[in-house]
Amino acid sequence: MARRESPAAGPGSRALVVDVIRSAVTISRGEIAERTGLTQPSISNIVRELIADGIIHEIGSLDSVNGRRRKLIAINPGNRFGIGFHLGPEAVTCVAVDLTGGVVGREVVPRPPHEAMRADRLAERFDDFTAGLDLPRDRIEGLAVVAPADVPGSAGAGAEPAGLRAELGKKIGVPVLVENDAAAAALGEFWSRRVSREQAFGCIYLSSGIGAGFVFGGALFRGASFGAGELGHMSIDYAGRPCPCGNLGCIEQYASMRATVAEAREDPALRERLALDGSEASAYDAIARAAVNGDPAAYEVLDRAAERLSVAATSVVNLLDLGRLVLTGPGVALAGSIFARRLRAHLGRTAHSRQRHDVSVELSARPRDAAGIGAAVLVVQAAVAPGHTTPAMRSER
C-alpha cells in the first residue's frame with residue numbers, strides 16, 4: 001500500500017532533512033525517514049540533491065537487521081563557510097564557521113568608541129579577514145552582521161537593515177544578513193551543539209544589556225518586528241529602578257554587566273581593591289575574577305545579580321516551557337558558574353514544568369565569541385536549510 005506523504009514533505013522538507021542529519025551527526029536514509037515522516041522516495045531525492053550540492057556526504061556503512069548494509073551520511077563541514085561580524089562597543093569580532101558551526105577562523109579588531117560602522121568599512125574588514133584565512137570565495141555563502149541595540153552606529157541602533165544589506169552585499173558580492181546579537185548567539189549554540197529541532201531551546205546573552213534568543217522547530221523565533229528576546233526589559237519589580245525603556249524594575253537594571261559594575265563601584269573598599277575605574281568590560285572582568293578566586297564582596301555582588309537573573313529566567317522558562325537553556329555572552333566568560341548554579345537551583349524550585357521534565361542549564365563553551373559564531377551560523381543555515389530563513393533574508397540571495 002502506498003504511504004501517504006506527511007505534511008513535512010513540503011517546501012521545508014530540505015531544511016527538515018538537514019536539521020535531522022546535523023543533530024544526529026551520522027545517520028542512514030532509513031533513519032531519516034523514520035524521524036521525519038517523509039517517504040523513502042522523498043528522502044532519496046533530497047539526499048541526492050544535498051550530496052550533489054556538497055552539503056552532505058556518505059561516510060561509511062553499517063550492517064542492518066535485514067542483512068543489507070546501511071549507508072551513513074553526515075554534514076560535509078568544509079564544503080561551505082559562513083562569515084559573521086559581531087559589532088561590540090569596543091571591538092569587532094570576526095568569525096568564520098564551517099557547515100557544522102565549527103570555527104575555522106577568528107579575529108578581534110579594536111573599534112574606536114562611537115565609530116559608525118559604514119558599509120565600506122565592513123567590506124574592507126570582510127576582504128581582509130577572508131583573505132587572511134585563504135577561504136575560496138566561491139565557498140563563502142555570505143556575511144551576517146550582528147549587534148546589540150545600543151551600540152552606536154550599528155544596524156541595531158536604528159540603521160535600516162535592508163539598506164545596509166543591499167549596500168554591503170553589492171560591495172562584497174555575497175548575501176548579507178543583519179540580526180540581533182542575542183538571537184544570533186542562540187542559533188549558534190543550537191547549531192553547533194547539534195541540538196534536536198524537537199527541543200524548545202533558549203539562550204540568555206549577558207553583556208552590557210541582557211538579551212535572549214529562542215529556537216523552535218529549528219528556526220529562530222523573532223516576533224512581529226524581529227524584536228523577540230528583550231529579556232533585559234522584563235520587570236522583576238513593578239516599583240523598582242527606572243529604565244530608559246520607560247518601565248520600572250527591568251532586570252537589565254539589576255543583573256547586566258553595566259548594573260553589576262555600577263553596584264560594585266558603590267563599595268569604596270571593593271572599588272579601591274579591584275581598581276574598577278577602567279572600562280566597563282575590564283571592571284566587570286576584575287569583579288568576576290575576584291569572585292571566583294574567593295573575594296567575598298565581589299562574590300556577593302555577582303551572586304546577587306545571578307539571583308535576580310534567575311527570577312526573570314524562570315518566568316521565561318515557565319512562559320515558553322523551555323527544556324534547555326544556555327548562558328552565554330561576556331558576562332559569563334569568567335564567572336559563569338555563579339550564574340549557572342543560581343539558575344539551576346531556582347528553576348529546580350520554581351519551574352512550572354519541573355514535575356514533567358528537567359530544564360537543562362548549560363554554559364557556553366565560547367561565551368565571548370558566541371554572537372560572532374551565531375552570526376556566521378545564520379549564514380550557514382540560510383544557505384543549507386533555507387526553509388528556516390525569513391522571506392526578508394531570502395530576498396537578498
# chains A, B, ... in the order shown; residues from 1 in each chain; ligands from 1

$ residues_around --residues "stretch 78-91 of chain A" --least-positions-apart "5" --cutoff "8 Å" --atoms "only C-alpha atoms" --output "MDAnalysis selection string"
chainID A and resid 54:55 96:99 108:114 139:148 151:152 154 181 371:380

$ atom_distance --atom1 "atom CA of A:Asp127" --atom2 "atom CA of A:Val178"
18.0 Å

$ residues_around --residues "A:Leu363" --least-positions-apart "5" --cutoff "10 Å" --atoms "only C-alpha atoms" --output "list in words"
Cys203, Ile204, Leu325, Val326, Leu327, Thr328, Gly329, Val332, Ala333, Gly336, Ser337, Phe339 and Ala340 of chain A

$ write_last_selection --atoms "N, CA and C atoms" --output "mmCIF file, in the first residue's frame"
data_model
loop_
_atom_site.group_PDB
_atom_site.id
_atom_site.type_symbol
_atom_site.label_atom_id
_atom_site.label_comp_id
_atom_site.auth_asym_id
_atom_site.auth_seq_id
_atom_site.Cartn_x
_atom_site.Cartn_y
_atom_site.Cartn_z
ATOM 1 N N CYS A 203 18.373 30.719 24.962
ATOM 2 C CA CYS A 203 19.724 31.188 25.246
ATOM 3 C C CYS A 203 19.621 32.570 25.881
ATOM 4 N N ILE A 204 20.339 32.791 26.980
ATOM 5 C CA ILE A 204 20.418 34.105 27.611
ATOM 6 C C ILE A 204 21.794 34.684 27.338
ATOM 7 N N LEU A 325 18.457 25.491 28.286
ATOM 8 C CA LEU A 325 18.806 26.903 28.369
ATOM 9 C C LEU A 325 20.321 27.023 28.440
ATOM 10 N N VAL A 326 20.883 27.878 27.610
ATOM 11 C CA VAL A 326 22.329 28.104 27.597
ATOM 12 C C VAL A 326 22.619 29.538 28.007
ATOM 13 N N LEU A 327 23.596 29.713 28.892
ATOM 14 C CA LEU A 327 24.055 31.036 29.304
ATOM 15 C C LEU A 327 25.299 31.385 28.514
ATOM 16 N N THR A 328 25.300 32.556 27.894
ATOM 17 C CA THR A 328 26.446 32.939 27.085
ATOM 18 C C THR A 328 26.639 34.446 27.132
ATOM 19 N N GLY A 329 27.643 34.931 26.418
ATOM 20 C CA GLY A 329 27.971 36.347 26.419
ATOM 21 C C GLY A 329 29.139 36.645 27.344
ATOM 22 N N VAL A 332 29.336 35.960 31.294
ATOM 23 C CA VAL A 332 29.527 34.649 31.931
ATOM 24 C C VAL A 332 30.852 34.012 31.527
ATOM 25 N N ALA A 333 31.746 34.809 30.946
ATOM 26 C CA ALA A 333 33.007 34.251 30.452
ATOM 27 C C ALA A 333 33.919 33.784 31.582
ATOM 28 N N GLY A 336 30.813 32.295 35.000
ATOM 29 C CA GLY A 336 29.543 31.711 34.578
ATOM 30 C C GLY A 336 29.002 30.682 35.551
ATOM 31 N N SER A 337 29.892 30.027 36.286
ATOM 32 C CA SER A 337 29.441 29.003 37.228
ATOM 33 C C SER A 337 28.541 29.594 38.312
ATOM 34 N N PHE A 339 26.398 32.088 37.931
ATOM 35 C CA PHE A 339 25.076 32.267 37.341
ATOM 36 C C PHE A 339 24.391 30.926 37.099
ATOM 37 N N ALA A 340 25.145 29.963 36.581
ATOM 38 C CA ALA A 340 24.552 28.648 36.298
ATOM 39 C C ALA A 340 24.046 27.989 37.575
#

$ select_by_dssp --residues "stretch 123-364 of chain A" --states "helix (DSSP H, G or I)" --output "ChimeraX atom specification"
/A:123-133,137-139,155-157,161-172,181-192,231-233,252-255,257-265,268-274,280-292,296-320,330-332,336-350

$ residues_around --residues "stretch 273-275 of chain A" --least-positions-apart "4" --cutoff "12 Å" --atoms "only C-alpha atoms" --output "count of residues only"
21

$ atom_distance --atom1 "atom CA of A:Gly12" --atom2 "atom CA of A:Gln40"
16.4 Å

$ residues_around --residues "A:Ala312" --least-positions-apart "5" --cutoff "8 Å" --atoms "only C-alpha atoms" --output "number ranges by chain"
A: 231, 234-236, 251

$ closest_residue --among "A:Ile73, A:Ala382, A:Asn45, A:Ala186" --to "A:Ser28" --atoms "only C-alpha atoms"
A:Ile73

$ closest_residue --among "A:Ser208, A:Thr130, A:Ser360, A:Thr260" --to "A:Val301" --atoms "only C-alpha atoms"
A:Thr260

$ atom_distance --atom1 "atom CA of A:Ala182" --atom2 "atom CA of A:Gly331"
12.6 Å

$ residues_around --residues "A:Gly213" --least-positions-apart "3" --cutoff "8 Å" --atoms "only C-alpha atoms" --output "list in words"
Ala182, Ala183, Ala184, Ala185, Ala186, Leu187, Gly202, Cys203, Ile204, Tyr205, Leu220, Phe221, Ala228 and Gly229 of chain A

$ write_last_selection --atoms "N, CA and C atoms" --output "compact mmCIF listing (two decimals), in the first residue's frame"
# COMPACT_ATOMS: atom_id res chain seq x y z
N ALA A 182 21.95 38.68 20.44
CA ALA A 182 21.46 37.62 21.33
C ALA A 182 20.75 36.53 20.55
N ALA A 183 19.95 36.92 19.56
CA ALA A 183 19.27 35.93 18.73
C ALA A 183 20.28 35.10 17.95
N ALA A 184 21.28 35.77 17.40
CA ALA A 184 22.32 35.05 16.65
C ALA A 184 23.05 34.06 17.55
N ALA A 185 23.38 34.48 18.76
CA ALA A 185 24.09 33.59 19.69
C ALA A 185 23.26 32.34 19.97
N ALA A 186 21.94 32.51 20.10
CA ALA A 186 21.07 31.36 20.36
C ALA A 186 21.13 30.37 19.21
N LEU A 187 21.05 30.86 17.98
CA LEU A 187 21.11 29.95 16.83
C LEU A 187 22.47 29.27 16.75
N GLY A 202 16.45 27.71 24.45
CA GLY A 202 16.61 29.12 24.75
C GLY A 202 18.03 29.46 25.11
N CYS A 203 18.37 30.72 24.96
CA CYS A 203 19.72 31.19 25.25
C CYS A 203 19.62 32.57 25.88
N ILE A 204 20.34 32.79 26.98
CA ILE A 204 20.42 34.10 27.61
C ILE A 204 21.79 34.68 27.34
N TYR A 205 21.81 35.90 26.80
CA TYR A 205 23.06 36.56 26.43
C TYR A 205 23.31 37.70 27.39
N LEU A 220 14.80 30.31 14.42
CA LEU A 220 14.76 31.39 15.40
C LEU A 220 13.35 31.96 15.50
N PHE A 221 12.93 32.21 16.72
CA PHE A 221 11.68 32.94 16.91
C PHE A 221 12.01 34.42 17.01
N ALA A 228 11.91 39.95 19.24
CA ALA A 228 11.74 38.97 20.32
C ALA A 228 13.05 38.80 21.09
N GLY A 229 12.93 38.54 22.38
CA GLY A 229 14.11 38.23 23.18
C GLY A 229 14.63 39.38 24.02

$ residues_around --residues "A:Ile21" --least-positions-apart "2" --cutoff "9 Å" --atoms "only C-alpha atoms" --output "list in words"
Leu16, Val17, Val18, Asp19, Ser23, Ala24, Val25, Thr26, Ile27, Ser28, Ile32, Ile56, Ile73, Ala74 and Ile75 of chain A

$ select_by_dssp --residues "stretch 143-227 of chain A" --states "strand (DSSP E or B)" --output "ChimeraX atom specification"
/A:143-147,176-180,201-206,210-216,219-220
